[in-house]
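Peer 1: So here's upload39.cif, just mmCIF, C-alpha atoms:
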```
data_final
loop_
_atom_site.label_atom_id
_atom_site.label_comp_id
_atom_site.auth_asym_id
_atom_site.auth_seq_id
_atom_site.Cartn_x
_atom_site.Cartn_y
_atom_site.Cartn_z
CA GLU A 1 -7.33 -13.06 2.06
CA ASN A 2 -8.20 -14.77 -1.25
CA LEU A 3 -10.01 -11.80 -2.81
CA LYS A 4 -10.44 -11.09 -6.51
CA ILE A 5 -10.68 -7.33 -6.96
CA ASP A 6 -11.24 -5.82 -10.39
CA VAL A 7 -12.13 -2.13 -10.36
CA ASN A 8 -11.65 0.31 -13.18
CA GLY A 9 -11.85 4.07 -13.01
CA TRP A 10 -9.91 7.03 -11.73
CA ASN A 11 -8.78 6.81 -8.08
CA THR A 12 -10.25 3.35 -7.46
CA ASP A 13 -8.03 1.51 -4.99
CA GLY A 14 -8.17 -2.22 -4.29
CA ILE A 15 -7.40 -2.54 -0.54
CA ASP A 16 -6.86 0.49 1.78
CA PRO A 17 -5.94 -0.34 5.40
CA ASP A 18 -5.90 2.92 7.39
CA SER A 19 -4.69 3.43 10.98
CA CYS A 20 -4.65 -0.26 11.89
CA TRP A 21 -2.28 -2.84 13.36
CA ASN A 22 -1.47 -6.49 12.66
CA VAL A 23 -2.88 -6.76 9.14
CA TYR A 24 -2.41 -9.77 6.86
CA ILE A 25 -3.09 -9.24 3.13
CA ALA A 26 -2.42 -12.40 1.15
CA ASN A 27 -3.34 -14.51 -1.86
CA ASN A 28 -5.32 -11.78 -3.60
CA ASP A 29 -5.72 -11.05 -7.31
CA ILE A 30 -5.99 -7.27 -7.78
CA ALA A 31 -6.60 -4.99 -10.78
CA SER A 32 -7.34 -1.35 -9.98
CA GLY A 33 -7.60 2.10 -11.48
CA ASP A 34 -5.15 3.48 -8.91
CA ASP A 35 -3.33 1.74 -6.02
CA CYS A 36 -3.81 -2.02 -5.75
CA ILE A 37 -2.96 -1.76 -2.04
CA ALA A 38 -2.60 1.63 -0.31
CA LEU A 39 -1.41 1.75 3.31
CA LYS A 40 -2.63 4.88 5.08
CA ALA A 41 -2.37 6.46 8.55
CA GLY A 42 -4.81 9.35 8.86
CA ARG A 43 -5.17 12.55 6.91
CA ASN A 44 -4.31 16.19 7.70
CA TRP A 45 -5.25 17.75 11.07
CA SER A 46 -7.71 15.02 12.12
CA GLY A 47 -5.12 12.32 11.39
CA ARG A 48 -2.50 14.19 13.41
CA TYR A 49 -4.98 14.69 16.26
CA VAL A 50 -5.87 11.00 16.69
CA ASN A 51 -2.30 9.94 15.71
CA ILE A 52 -3.02 6.23 15.10
CA SER A 53 -0.22 4.56 13.17
CA THR A 54 -0.47 1.70 10.71
CA ARG A 55 1.93 -1.04 11.78
CA ASN A 56 2.85 -4.71 11.57
CA ILE A 57 1.59 -5.33 8.03
CA LEU A 58 2.39 -8.49 6.08
CA ILE A 59 1.55 -8.43 2.36
CA GLU A 60 2.40 -11.67 0.53
CA ASN A 61 1.53 -13.90 -2.41
CA ASN A 62 -0.54 -11.30 -4.23
CA ILE A 63 -1.03 -10.90 -7.98
CA PHE A 64 -1.18 -7.34 -9.30
CA ARG A 65 -2.73 -7.06 -12.77
CA ARG A 66 -3.35 -3.31 -13.24
CA GLY A 67 -2.66 -0.08 -11.32
CA HIS A 68 0.11 0.83 -8.89
CA GLY A 69 1.22 -2.23 -6.87
CA VAL A 70 1.68 -1.38 -3.17
CA SER A 71 1.67 2.28 -2.11
CA ILE A 72 2.29 3.95 1.21
CA GLY A 73 0.25 7.13 1.43
CA SER A 74 -0.63 9.63 0.51
CA GLU A 75 -2.53 9.88 3.80
CA THR A 76 0.36 9.67 6.27
CA SER A 77 -0.46 11.98 9.19
CA ALA A 78 0.62 9.29 11.65
CA TRP A 79 3.43 6.77 11.15
CA ILE A 80 3.50 3.67 8.94
CA LEU A 81 5.82 1.09 10.50
CA ASP A 82 7.01 -2.50 10.12
CA VAL A 83 5.69 -3.47 6.70
CA LYS A 84 6.81 -6.62 4.84
CA ILE A 85 5.90 -7.05 1.18
CA ASN A 86 6.89 -10.50 -0.08
CA LYS A 87 6.27 -12.76 -3.08
CA SER A 88 4.44 -10.30 -5.34
CA VAL A 89 3.66 -11.11 -8.96
CA TYR A 90 3.03 -8.34 -11.52
CA THR A 91 1.24 -9.62 -14.61
CA GLY A 92 -0.29 -6.59 -16.29
CA PRO A 93 0.20 -2.89 -16.85
CA VAL A 94 1.49 -2.02 -13.38
CA ASP A 95 3.17 1.41 -13.13
CA PHE A 96 5.08 0.99 -9.85
CA ALA A 97 5.79 -2.19 -7.92
CA PHE A 98 6.18 -0.15 -4.70
CA ARG A 99 5.89 3.54 -3.95
CA ILE A 100 5.88 5.98 -1.06
CA LYS A 101 3.85 9.14 -1.59
CA SER A 102 2.83 12.00 0.65
CA MET A 103 2.44 15.75 0.75
CA GLN A 104 4.71 18.17 2.54
CA GLY A 105 3.28 19.08 5.94
CA ARG A 106 1.10 15.99 6.31
CA GLY A 107 3.16 14.78 9.29
CA GLY A 108 3.96 11.20 10.25
CA GLY A 109 6.63 9.14 8.57
CA VAL A 110 7.63 5.73 7.27
CA ARG A 111 10.04 3.27 8.92
CA ASN A 112 11.12 -0.37 8.61
CA ILE A 113 9.73 -1.37 5.23
CA SER A 114 10.97 -4.47 3.38
CA PHE A 115 10.19 -5.47 -0.18
CA SER A 116 11.38 -8.84 -1.51
CA ASN A 117 10.76 -11.61 -4.04
CA ALA A 118 8.87 -9.56 -6.64
CA PHE A 119 8.44 -10.97 -10.15
CA GLY A 120 6.94 -9.71 -13.39
CA LYS A 121 6.78 -6.62 -15.55
CA VAL A 122 6.42 -3.08 -14.19
CA THR A 123 7.18 0.39 -15.53
CA SER A 124 9.24 1.27 -12.43
CA VAL A 125 10.19 -0.86 -9.43
CA VAL A 126 10.28 1.85 -6.75
CA SER A 127 8.94 5.41 -6.63
CA ILE A 128 9.37 7.86 -3.76
CA GLY A 129 7.72 11.22 -4.00
#
```
What is this structure when it is put down as structure tokens?
Peer 2:
Amino acid sequence: ENLKIDVNGWNTDGIDPDSCWNVYIANNDIASGDDCIALKAGRNWSGRYVNISTRNILIENNIFRRGHGVSIGSETSAWILDVKINKSVYTGPVDFAFRIKSMQGRGGGVRNISFSNAFGKVTSVVSIG
């Protein structure tokens, strides 16, 4: 909470919760070279083996200045569940407000995601791929 993150460079994420429950991400100011926030749940065979989901995530009142707003994946070997993204502000060159990304065969899945009260300028609101 209340972080100012400014990273620049290829594949530099801001915040990356992985395989965790009951996470609150709020009141942050994020500029990144990749995903501002990337929710993950394990990767490949080791992620499928431990099978720890990411769940009960509340993301609110964040400012996204550069990068890809909130992403789910691409590490999704377990499930990502019950995510609420609320009151986001996009002020800079943000490609996607929200996106879901994974690779075929990774396993896991995504369920019960809500995205509301987003304001600002983005290239694309939602991307799934």
Peer 1: Please determine, counting all atoms listed in the file, which residue among A:Phe96, A:Trp45, A:Tyr90, A:Phe119 has the shortest atom-to-atom distance to His68 (chain A).
Peer 2: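 Closest to His68 (chain A), using all atoms listed in the file: A:Phe96.
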Peer 1: Mind listing whatever residues come within 6 Å of the point (6.2, -9.7, 3.8)? Use only C-alpha atoms, file coordinates, and give them as a list in words.
Peer 2: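 All residues meeting the 6 Å criterion around (6.2, -9.7, 3.8) are Leu58, Ile59, Glu60, Lys84, Ile85 and Asn86 of chain A.
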Peer 1: Step by step, work through what the PyMOL selection byres ((chain A and resi 126) around 6) selects in the shown file, and finish by giving those residues as a compact mmCIF listing (two decimals) with C-alpha atoms, keeping the file's coordinate frame.
Peer 2:
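In the end it all went to result36.txt:
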```
# COMPACT_ATOMS: atom_id res chain seq x y z
CA PHE A 98 6.18 -0.15 -4.70
CA ARG A 99 5.89 3.54 -3.95
CA SER A 124 9.24 1.27 -12.43
CA VAL A 125 10.19 -0.86 -9.43
CA SER A 127 8.94 5.41 -6.63
```
Peer 1: In Å, with one decimal, what is the gap from CA of Asn44 (chain A) to CA of Gly69 (chain A)?
Peer 2: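 It comes out at 24.1 Å.
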Peer 1: Do you know which residues the PyMOL selection byres ((chain A and resi 39) around 9) returns on this file, as a list in words?
Peer 2: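 That selection, the PyMOL selection byres ((chain A and resi 39) around 9), comes back as Ile15, Asp16, Pro17, Asp18, Ser19, Ile37, Ala38, Lys40, Ala41, Thr54, Val70, Ser71, Ile72, Gly73, Ser74, Glu75, Thr76 and Ile80 of chain A.
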